[in-house]
Every structure is written in structure tokens, then in C-alpha cells.
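Colleague: Here you go, this is coords_29.cif (mmCIF, C-alpha atoms and all ligand atoms).
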data_target
loop_
_atom_site.label_atom_id
_atom_site.label_comp_id
_atom_site.auth_asym_id
_atom_site.auth_seq_id
_atom_site.Cartn_x
_atom_site.Cartn_y
_atom_site.Cartn_z
CA MET A 49 44.39 44.28 -237.59
CA SER A 50 43.73 40.97 -239.26
CA LEU A 51 43.42 37.44 -238.06
CA ALA A 52 44.37 35.99 -241.39
CA ALA A 53 48.14 35.88 -240.89
CA PRO A 54 48.57 33.97 -237.59
CA PHE A 55 46.52 30.95 -238.66
CA GLU A 56 47.81 28.30 -240.98
CA ILE A 57 45.10 26.96 -243.23
CA LYS A 58 45.03 23.17 -243.37
CA GLY A 59 42.46 20.43 -243.44
CA TRP A 60 38.82 21.09 -244.15
CA CYS A 61 35.47 20.77 -242.45
CA PRO A 62 32.46 18.99 -243.92
CA GLY A 63 30.45 22.19 -244.38
CA ALA A 64 27.31 22.27 -246.50
CA LEU A 65 29.38 22.98 -249.59
CA ARG A 66 32.05 20.42 -248.71
CA PRO A 67 30.43 17.04 -248.12
CA MET A 68 32.52 14.40 -246.42
CA PRO A 69 32.30 10.69 -247.26
CA SER A 70 31.23 8.42 -244.42
CA GLY A 71 30.14 4.80 -244.08
CA ASP A 72 26.49 5.75 -244.61
CA GLY A 73 27.03 8.09 -247.57
CA LEU A 74 28.01 11.76 -247.62
CA LEU A 75 27.56 14.02 -244.62
CA VAL A 76 27.32 17.80 -244.62
CA ARG A 77 27.60 20.17 -241.68
CA VAL A 78 25.04 22.94 -241.31
CA ARG A 79 26.10 25.94 -239.21
CA PRO A 80 23.15 28.11 -238.24
CA TRP A 81 23.95 31.70 -237.25
CA CYS A 82 24.41 31.94 -233.50
CA GLY A 83 23.48 28.27 -233.16
CA ALA A 84 19.76 28.99 -233.47
CA VAL A 85 17.18 27.77 -235.97
CA THR A 86 13.61 28.92 -236.31
CA LEU A 87 10.90 26.27 -236.20
CA GLU A 88 10.49 26.67 -239.95
CA GLN A 89 14.21 26.06 -240.50
CA ALA A 90 14.17 23.06 -238.15
CA ALA A 91 11.18 21.56 -239.99
CA GLY A 92 12.98 22.18 -243.29
CA LEU A 93 16.10 20.41 -242.01
CA ALA A 94 13.98 17.43 -240.92
CA ASP A 95 12.47 17.29 -244.44
CA ILE A 96 15.92 17.51 -246.07
CA SER A 97 17.22 14.72 -243.85
CA ALA A 98 14.22 12.49 -244.53
CA THR A 99 14.04 13.04 -248.29
CA LEU A 100 17.66 13.58 -249.35
CA GLY A 101 19.58 11.91 -246.51
CA ASN A 102 19.03 8.79 -244.42
CA GLY A 103 16.94 10.53 -241.75
CA CYS A 104 19.83 10.84 -239.26
CA ILE A 105 20.99 14.21 -237.96
CA ASP A 106 23.98 14.63 -235.64
CA LEU A 107 24.35 17.39 -233.06
CA THR A 108 28.06 18.21 -232.97
CA ARG A 109 30.25 19.41 -230.11
CA ARG A 110 30.68 22.70 -231.94
CA ALA A 111 26.92 23.35 -231.76
CA ASN A 112 26.35 22.52 -235.42
CA LEU A 113 24.17 19.97 -237.19
CA GLN A 114 25.24 17.21 -239.57
CA ILE A 115 22.91 15.72 -242.13
CA ARG A 116 23.95 12.16 -242.93
CA GLY A 117 23.44 9.58 -245.63
CA LEU A 118 23.39 11.92 -248.65
CA ARG A 119 24.06 10.84 -252.22
CA GLU A 120 26.23 12.87 -254.52
CA ASP A 121 23.44 13.34 -257.06
CA HIS A 122 21.28 14.87 -254.29
CA LEU A 123 23.75 17.66 -253.51
CA PRO A 124 22.27 20.27 -255.90
CA ALA A 125 18.82 19.71 -254.35
CA LEU A 126 20.37 19.91 -250.88
CA HIS A 127 22.04 23.23 -251.63
CA ASP A 128 18.81 24.65 -253.10
CA ALA A 129 16.85 23.56 -250.02
CA LEU A 130 19.42 24.95 -247.56
CA ASP A 131 19.55 28.19 -249.53
CA ARG A 132 15.75 28.56 -249.36
CA LEU A 133 15.98 28.11 -245.59
CA GLY A 134 18.69 30.78 -245.32
CA LEU A 135 21.18 28.23 -244.04
CA LEU A 136 23.73 28.34 -246.85
CA GLU A 137 24.77 31.89 -247.40
CA ASP A 138 27.90 33.27 -245.74
CA GLU A 139 28.62 29.86 -244.31
CA ALA A 140 32.27 30.45 -243.46
CA ALA A 141 31.42 33.20 -241.00
CA ARG A 142 29.14 31.04 -238.91
CA ASN A 143 31.65 29.16 -236.84
CA VAL A 144 30.96 31.09 -233.63
CA MET A 145 29.36 29.19 -230.74
CA VAL A 146 26.90 31.11 -228.59
CA ASP A 147 25.50 30.08 -225.23
CA PRO A 148 21.99 28.70 -225.59
CA LEU A 149 20.39 31.35 -223.35
CA ALA A 150 22.15 34.27 -225.06
CA GLY A 151 20.11 37.45 -225.29
CA ALA A 152 20.06 40.04 -228.05
CA GLU A 153 23.26 41.82 -226.98
CA VAL A 154 25.33 38.64 -226.84
CA ARG A 155 23.95 37.39 -230.14
CA ALA A 156 24.67 40.75 -231.80
CA LEU A 157 28.26 40.47 -230.60
CA ALA A 158 28.50 36.94 -231.98
CA LEU A 159 27.14 38.10 -235.33
CA ALA A 160 29.66 40.94 -235.45
CA LEU A 161 32.52 38.58 -234.62
CA GLY A 162 31.35 35.98 -237.15
CA ARG A 163 31.17 38.58 -239.89
CA ALA A 164 34.59 40.01 -239.01
CA LEU A 165 36.43 36.67 -239.03
CA PRO A 166 38.35 35.91 -242.21
CA ALA A 167 37.13 33.18 -244.54
CA ASN A 168 39.01 29.87 -244.80
CA LEU A 169 39.91 29.62 -241.15
CA PRO A 170 41.80 26.46 -240.22
CA THR A 171 39.79 23.40 -239.25
CA LYS A 172 40.77 23.63 -235.61
CA PHE A 173 39.85 27.31 -235.24
CA GLY A 174 36.84 27.93 -233.02
CA ALA A 175 35.28 31.05 -231.54
CA LEU A 176 32.63 31.46 -228.86
CA VAL A 177 30.60 34.31 -227.43
CA ASP A 178 29.00 33.83 -224.04
CA GLY A 179 26.61 35.78 -221.85
CA GLY A 180 27.13 33.87 -218.59
CA GLY A 181 24.36 32.26 -216.53
CA PRO A 182 23.52 28.59 -215.85
CA LEU A 183 24.20 27.50 -219.44
CA SER A 184 27.40 29.52 -219.87
CA ILE A 185 29.77 27.95 -222.40
CA ALA A 186 32.75 29.93 -221.07
CA GLY A 187 34.49 26.66 -220.15
CA GLU A 188 34.37 25.27 -223.68
CA ARG A 189 37.46 25.11 -225.85
CA ALA A 190 37.83 27.91 -228.37
CA THR A 191 40.68 29.76 -230.03
CA ILE A 192 38.92 33.03 -229.23
CA ALA A 193 36.30 33.52 -226.50
CA LEU A 194 34.36 36.70 -225.75
CA CYS A 195 32.38 36.55 -222.51
CA VAL A 196 30.02 39.30 -221.41
CA THR A 197 30.58 39.95 -217.69
CA SER A 198 29.84 42.69 -215.15
CA GLU A 199 33.28 44.15 -216.01
CA GLY A 200 32.63 44.33 -219.74
CA VAL A 201 33.49 41.80 -222.41
CA ALA A 202 36.30 39.48 -221.34
CA LEU A 203 38.66 38.16 -224.01
CA ARG A 204 40.36 34.77 -223.92
CA VAL A 205 42.81 33.73 -226.65
CA ASP A 206 44.26 30.23 -226.80
CA GLY A 207 43.14 29.53 -223.22
CA GLU A 208 44.52 32.71 -221.66
CA TRP A 209 42.32 35.52 -220.33
CA LEU A 210 43.81 38.77 -221.63
CA GLY A 211 41.47 41.42 -220.18
CA ALA A 212 38.09 43.08 -220.67
CA THR A 213 36.80 45.85 -222.86
CA THR A 214 33.57 47.50 -223.93
CA PRO A 215 31.14 45.67 -226.25
CA ASP A 216 31.87 48.05 -229.13
CA ARG A 217 35.61 47.32 -228.94
CA ALA A 218 35.36 43.60 -228.24
CA VAL A 219 35.51 42.38 -231.85
CA ALA A 220 38.54 44.56 -232.60
CA ALA A 221 40.21 43.19 -229.48
CA ALA A 222 39.42 39.63 -230.57
CA LEU A 223 40.99 40.35 -233.95
CA GLY A 224 44.20 41.61 -232.38
CA ASP A 225 43.72 45.27 -231.36
CA ARG A 226 44.45 45.00 -227.64
CA ARG A 227 44.84 48.76 -226.89
CA TRP A 228 41.60 49.05 -224.94
CA LEU A 229 41.83 45.94 -222.81
CA SER A 230 41.74 46.53 -219.06
CA LYS A 231 42.72 44.14 -216.31
CA MET A 232 40.07 41.66 -215.15
CA THR A 233 39.52 40.98 -211.45
CA VAL A 234 37.43 37.84 -211.96
CA THR A 235 37.26 35.33 -214.78
CA PRO A 236 33.90 34.15 -216.18
CA VAL A 237 32.31 31.19 -214.41
CA PRO A 238 31.54 28.29 -216.76
CA GLY A 239 28.08 26.73 -216.66
CA ARG A 240 27.24 23.18 -217.70
CA ARG A 241 24.65 21.14 -219.52
CA ARG A 242 21.32 21.21 -217.70
CA LEU A 243 18.27 19.38 -218.90
CA GLY A 244 14.55 19.73 -218.37
CA ARG A 245 12.98 23.09 -217.49
CA ILE A 246 15.30 26.05 -217.03
CA GLY A 247 13.02 29.03 -216.60
CA GLY A 248 10.92 29.20 -219.76
CA VAL A 249 13.35 27.02 -221.69
CA THR A 250 13.48 23.21 -221.98
CA GLY A 251 16.82 21.42 -222.43
CA LEU A 252 16.79 18.05 -224.21
CA ALA A 253 19.83 15.88 -224.91
CA ALA A 254 20.03 13.57 -227.89
CA PRO A 255 21.39 10.08 -227.11
CA PHE A 256 24.90 9.88 -228.64
CA GLY A 257 24.26 13.26 -230.21
CA ARG A 258 21.88 11.90 -232.81
CA ILE A 259 18.30 12.90 -233.56
CA ASP A 260 16.27 11.50 -236.40
CA ALA A 261 14.09 13.46 -238.78
CA SER A 262 10.83 12.26 -237.22
CA GLN A 263 12.02 13.26 -233.72
CA LEU A 264 12.98 16.68 -235.01
CA ARG A 265 9.55 17.10 -236.62
CA ALA A 266 7.87 16.05 -233.37
CA LEU A 267 9.99 18.54 -231.45
CA VAL A 268 9.06 21.35 -233.83
CA GLY A 269 5.38 20.47 -233.49
CA ALA A 270 5.52 20.36 -229.69
CA CYS A 271 7.43 23.62 -229.56
CA ALA A 272 4.93 25.36 -231.87
CA THR A 273 1.98 24.08 -229.85
CA ALA A 274 3.58 25.38 -226.64
CA GLY A 275 4.18 28.83 -228.15
CA GLY A 276 7.93 28.47 -228.78
CA SER A 277 9.72 29.97 -231.76
CA GLN A 278 13.20 28.46 -232.06
CA LEU A 279 15.66 25.72 -231.20
CA ARG A 280 19.10 26.56 -229.92
CA LEU A 281 22.10 24.28 -230.22
CA SER A 282 24.82 23.72 -227.64
CA PRO A 283 28.26 22.08 -227.46
CA TRP A 284 26.73 19.46 -225.13
CA ARG A 285 24.76 17.87 -227.95
CA ALA A 286 21.59 19.06 -226.27
CA LEU A 287 18.90 21.28 -227.78
CA TYR A 288 17.20 24.11 -225.94
CA VAL A 289 13.70 25.22 -226.95
CA ASP A 290 12.03 28.41 -225.79
CA ALA A 291 8.92 26.66 -224.49
CA ALA A 292 7.90 24.19 -221.79
CA ILE A 293 7.61 20.84 -223.58
CA ASP A 294 7.96 17.12 -222.87
CA ALA A 295 11.03 15.06 -223.81
CA ASN A 296 9.58 13.85 -227.15
CA GLY A 297 11.90 10.83 -227.22
CA LEU A 298 14.98 12.81 -226.20
CA ILE A 299 16.53 12.99 -222.71
CA ALA A 300 15.23 15.53 -220.21
CA ASP A 301 16.63 13.86 -217.09
CA GLU A 302 20.25 14.40 -216.00
CA SER A 303 20.34 10.95 -214.36
CA ASP A 304 19.51 9.06 -217.56
CA PRO A 305 22.20 6.33 -217.89
CA LEU A 306 22.56 7.03 -221.63
CA LEU A 307 24.23 10.31 -220.71
CA ARG A 308 27.13 8.37 -219.13
CA ILE A 309 27.80 6.46 -222.34
CA GLU A 310 29.64 7.73 -225.39
CA ALA A 311 29.41 5.73 -228.58
CA CYS A 312 30.66 6.58 -232.05
CA PRO A 313 28.34 5.90 -235.02
CA GLY A 314 29.86 2.41 -235.49
CA ALA A 315 28.55 0.01 -238.14
CA PRO A 316 27.11 0.52 -240.64
CA ALA A 317 27.60 4.32 -240.53
CA CYS A 318 31.39 4.14 -240.30
CA SER A 319 33.31 1.86 -242.65
CA SER A 320 36.01 1.26 -239.99
CA ALA A 321 33.51 -0.43 -237.66
CA THR A 322 32.43 -4.07 -237.49
CA VAL A 323 30.10 -3.66 -234.48
CA ASP A 324 26.78 -1.88 -233.85
CA THR A 325 28.20 0.47 -231.21
CA ARG A 326 25.06 2.45 -230.48
CA GLY A 327 22.74 -0.52 -230.32
CA ASP A 328 25.16 -2.21 -227.93
CA ALA A 329 25.54 1.01 -225.90
CA ARG A 330 21.78 1.12 -225.36
CA ARG A 331 21.85 -2.46 -224.09
CA LEU A 332 24.69 -1.56 -221.73
CA ALA A 333 22.69 1.41 -220.43
CA ALA A 334 19.77 -0.91 -219.66
CA MET A 335 22.10 -3.23 -217.68
CA GLY A 336 22.87 -0.51 -215.17
CA ILE A 337 26.67 -0.76 -215.29
CA ALA A 338 28.12 2.00 -213.08
CA GLY A 339 30.57 4.68 -214.19
CA THR A 340 31.44 6.19 -217.53
CA ILE A 341 31.37 3.95 -220.60
CA HIS A 342 32.84 4.40 -224.05
CA VAL A 343 31.78 2.08 -226.87
CA SER A 344 34.08 2.59 -229.81
CA GLY A 345 33.84 1.02 -233.26
CA CYS A 346 37.64 0.86 -233.50
CA ALA A 347 40.81 1.97 -231.72
CA LYS A 348 40.56 5.48 -233.17
CA GLY A 349 38.12 6.33 -230.37
CA CYS A 350 36.37 9.24 -232.15
CA ALA A 351 33.58 9.62 -229.57
CA ARG A 352 35.80 10.24 -226.55
CA SER A 353 39.48 11.00 -226.02
CA ALA A 354 39.38 11.12 -222.20
CA PRO A 355 39.60 7.85 -220.23
CA ALA A 356 36.35 6.09 -219.26
CA ASP A 357 35.71 3.52 -216.52
CA LEU A 358 34.80 0.91 -219.12
CA VAL A 359 35.88 1.05 -222.76
CA LEU A 360 34.76 -1.41 -225.41
CA VAL A 361 36.77 -1.31 -228.61
CA GLY A 362 35.37 -3.04 -231.68
CA ARG A 363 37.54 -5.36 -233.71
CA GLU A 364 36.50 -8.09 -236.14
CA GLY A 365 32.98 -8.28 -234.76
CA ARG A 366 33.99 -8.45 -231.07
CA TYR A 367 34.90 -5.92 -228.40
CA GLY A 368 38.21 -5.53 -226.63
CA VAL A 369 37.59 -4.64 -222.96
CA VAL A 370 39.63 -1.83 -221.37
CA ARG A 371 39.07 -0.76 -217.75
CA HIS A 372 39.86 2.84 -216.79
CA GLY A 373 41.51 3.81 -220.04
CA THR A 374 40.96 4.93 -223.60
CA ALA A 375 40.16 3.18 -226.86
CA ARG A 376 43.87 3.14 -227.68
CA ASP A 377 44.89 1.21 -224.56
CA PRO A 378 45.51 -2.57 -224.64
CA ALA A 379 42.46 -4.74 -223.97
CA SER A 380 42.50 -7.20 -221.08
CA ARG A 381 40.10 -9.56 -222.87
CA THR A 382 37.51 -9.63 -225.64
CA VAL A 383 33.77 -10.11 -225.50
CA ALA A 384 31.19 -10.89 -228.18
CA PRO A 385 28.38 -8.34 -228.59
CA ASP A 386 25.79 -10.94 -227.54
CA ALA A 387 27.73 -11.63 -224.30
CA LEU A 388 27.92 -8.07 -222.97
CA GLY A 389 26.07 -9.22 -219.85
CA SER A 390 29.31 -10.92 -218.75
CA LEU A 391 30.72 -7.41 -218.10
CA LEU A 392 28.52 -7.23 -215.02
CA ASP A 393 30.76 -9.91 -213.49
CA GLY A 394 33.77 -7.58 -213.68
S1 LIG B 1 36.02 5.24 -233.66
FE1 LIG B 1 36.46 4.07 -235.48
S2 LIG B 1 34.49 3.11 -235.96
FE2 LIG B 1 34.05 4.80 -234.57
S3 LIG B 1 33.55 6.53 -235.89
FE3 LIG B 1 35.77 6.64 -235.40
S4 LIG B 1 36.77 5.57 -237.12
FE4 LIG B 1 34.61 5.00 -237.15
#
Would you kindly transcribe this structure into C-alpha cells?

Modeller:
Amino acid sequence: MSLAAPFEIKGWCPGALRPMPSGDGLLVRVRPWCGAVTLEQAAGLADISATLGNGCIDLTRRANLQIRGLREDHLPALHDALDRLGLLEDEAARNVMVDPLAGAEVRALALALGRALPANLPTKFGALVDGGGPLSIAGERATIALCVTSEGVALRVDGEWLGATTPDRAVAAALGDRRWLSKMTVTPVPGRRRLGRIGGVTGLAAPFGRIDASQLRALVGACATAGGSQLRLSPWRALYVDAAIDANGLIADESDPLLRIEACPGAPACSSATVDTRGDARRLAAMGIAGTIHVSGCAKGCARSAPADLVLVGREGRYGVVRHGTARDPASRTVAPDALGSLLDG
């Protein structure tokens, strides 16, 4: 059985070998195996970002990392550095998300699935392997999901749970061999992002999904001092470290107002933007405006497709104001970035 036939190949992802132009230079996506990096790899990525990029690293919603602000003439050095860290080889097979608390069995399954998937999968293809528990990613979108449950390994394809099988037959089932699937009596229960201490692990969210090289270095240092060994990524743009550490400039508190605000990179990172979305989003967070907020550099609305209670859409240096809608909805009025305080009046 092969997965190659049912998927049309179109578009491309900004993988490490396929940089994508952005307003702040080229960006490349780094996909660590099973969404985990050792402290040495994390320190290496911080060095790469600081010396070859602009010091900004994005945590993506597919549990990958993006190094930003690269120049074309730095790409050979980037590839050498990623190769030395073991983060370049076999890149196409790495697009499998794994829950951040996954144990050895779940990670072995993810590795087997990643290696069995065909190369050149379409941009929108995504796979996940989940072991359940408080940080279960079973509720995340994926073309193929394998979830380890008390009934075996449950298979979901295109949103539909098809049945469960044994771990040794799960990859074959995911690739199309459904002979050994048995009926499921319960479907896996999704977890959610949790921050702070979760057992021996600490969860830390990055505001707007961005961490800078110096923060990453500080995190590696704190984790090493506390006896940790790795950082795990998640689709919630939060990192999980296997040690009890402080926030180190990230967010360890679920009630932090920054977690209610989505903001795209804005200016100057994106050439479509005329407003400093993230700087303005931080000011909005400090104002204590209630509800969900989306600050978008333009009507494309990259940071959030779902409606938010308040949406600010950048245009020609001002923001259009949308209440209870999306970045594509018509604005009721406009506001200058230095007059955001007027939003408190309704
Ligand atoms: S929403 Fe517009 S400004 Fe923001 S990242 Fe997307 S294209 Fe750029």
C-alpha cells in the first residue's frame, strides 16, 4: 500500500532546503524529529539565528521552528550548521507532530510513520501521533492521526476515526492497509495547552509564537542547570522542557493577557504590513481589554482565521476596527496606532 497516489502535490513549504522570502529576509523551517531538540541542538539553533539570521525564531502551529531574517549568501553556512546538528538529513520525513509528553513507545511509532511516509507530500498534508494525557494533541488537525489508547492505536483519516489496531500494524493501517482495524468503543480525548509545572515538565508559551535567540539560550542554560535534557515543541506555540524552571521571559501563566491576543509579524517583518502589529498588541494587552483580540497587519489575517471579539486590521499606517469578526470583515471605523486607548471607550 502506498500513500503516494491519493495526494496531489502542489505548493511548497519553507523547509530548511527551501527558504521562503519574507519582509525581514529569508525564512527556513526546521523540523526536528518527533518535535524534540536536545539542549545542544537548541543552543546551536540559537547560535544560527543570532549569527546567520536576525535573532528571531518562530514556533509554528505544526510544532516546527522557523529561523528568520536570513540572507541568501548565508544559506550554505546555514545548511552546514543544521547538518552538524543533525537537523537537516531526511527532512521530508519529519512532518509528524507528536504530543509533548510522548514516551518512548509513542515516539517510536512517530518515527516509524515519518520514515514510511512518501517524500514530497503536499503542503497541506499533516500527520500526528499521540499518547493521550493532559497534553494530548488528538484534537489537532491532521490528515492522518494515530493515537495510542487503552484499545490499541486508533486511526483517524481526514477527520474520521476508522478503528484501532496493534502498534505493529498501525503504520500499515495509516498507509492504507485497513485489514486489521477493529471497531473502537471510545474516541481519544483531546488535551489542551497547559503552562507552568506539569509533573516534572515545565510548559512555556512564546508571545505571538516568537522567541529570540537570547531567550532560547537562556532557556537552554536554565534547563541544563535544572538537570533537563531536551525541549519539546507543540502545536500551541509553547515549549515543554523536562525540568522545573522559571519562565525566563516566556509565559508560564495561563491567565497572561498576551495569550488572548494573536498578532501576525506585521511591519517590518512582512512587506504587506504598514503597522507594528506585535508592538501594538503588547500595548493592548497592558490596557486590559477583555475578550479575544486579533491584530493583523493586513486583511489577509494570517495569524487567525476564526472570529475574535476585537480585530484590528492594518491599512496605510492605521487600523480598521472590527468587532466580533475576522480580518476580512468590513471595519466600523479606523484608529491610529497612537490612539489605541480610545478602544477602551467601545
Ligand atoms: S496578515 Fe498581512 S501583514 Fe500580517 S503576516 Fe499576513 S500578509 Fe503579512

Colleague: Hey, can you check how far atom CA of A:Gly134 sits from atom CA of A:Asp95?

Modeller: 14.9 Å

Colleague: Box for ligand LIG 1 (chain B): with edges along x, y and z, all listed atoms inside and 5 Å added on each side, what are the centre and edge lengths in Å to one decimal, as JSON?

Modeller:
{"center_x": 35.2, "center_y": 4.9, "center_z": -235.4, "size_x": 13.2, "size_y": 13.5, "size_z": 13.5}

Colleague: 7 Å from ligand LIG 1 (chain B) is the threshold here; counting only C-alpha atoms and all ligand atoms, which polymer residues fall inside it? Answer as a PDB file with C-alpha atoms, in the coordinates of the input.

Modeller:
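What ended up in pocket.pdb:
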ATOM      1  CA  CYS A 312      30.660   6.580-232.050  1.00  0.00           C
ATOM      2  CA  PRO A 313      28.340   5.900-235.020  1.00  0.00           C
ATOM      3  CA  GLY A 314      29.860   2.410-235.490  1.00  0.00           C
ATOM      4  CA  CYS A 318      31.390   4.140-240.300  1.00  0.00           C
ATOM      5  CA  SER A 319      33.310   1.860-242.650  1.00  0.00           C
ATOM      6  CA  SER A 320      36.010   1.260-239.990  1.00  0.00           C
ATOM      7  CA  ALA A 321      33.510  -0.430-237.660  1.00  0.00           C
ATOM      8  CA  SER A 344      34.080   2.590-229.810  1.00  0.00           C
ATOM      9  CA  GLY A 345      33.840   1.020-233.260  1.00  0.00           C
ATOM     10  CA  CYS A 346      37.640   0.860-233.500  1.00  0.00           C
ATOM     11  CA  ALA A 347      40.810   1.970-231.720  1.00  0.00           C
ATOM     12  CA  LYS A 348      40.560   5.480-233.170  1.00  0.00           C
ATOM     13  CA  GLY A 349      38.120   6.330-230.370  1.00  0.00           C
ATOM     14  CA  CYS A 350      36.370   9.240-232.150  1.00  0.00           C
ATOM     15  CA  ALA A 351      33.580   9.620-229.570  1.00  0.00           C
TER      16      ALA A 351
END

Colleague: Using all atoms listed in the file, find the one residue out of A:Gly257, A:Pro236, A:Gly181, A:Gly101 that sits nearest to A:Glu120.

Modeller: A:Gly101

Colleague: Mind dumping a table of every stretch 330-375 of chain A residue within 6 Å of stretch 296-309 of chain A, with the nearest atom pair and its distance in Å to one decimal, using only C-alpha atoms, sorted by chain and rising number, as CSV?

Modeller:
residue,atom,partner,partner_atom,distance
A:Ala333,CA,A:Pro305,CA,5.6
A:Thr340,CA,A:Arg308,CA,5.1
A:Ile341,CA,A:Ile309,CA,4.7
A:His342,CA,A:Ile309,CA,5.7

Colleague: In Å, with one decimal, what is the gap from atom CA of A:Gly269 to atom CA of A:Leu113?

Modeller: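 Atom-to-atom, atom CA of A:Gly269 and atom CA of A:Leu113 are spaced 19.2 Å apart.
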
Colleague: Rank A:Asp393, A:Ala295, A:Thr382, A:Arg189 by their smallest atom-to-atom distance to A:Ile337, using all atoms listed in the file, and report the top residue only.

Modeller: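 Of A:Asp393, A:Ala295, A:Thr382, A:Arg189, the one nearest A:Ile337 is A:Asp393, counting all atoms listed in the file.
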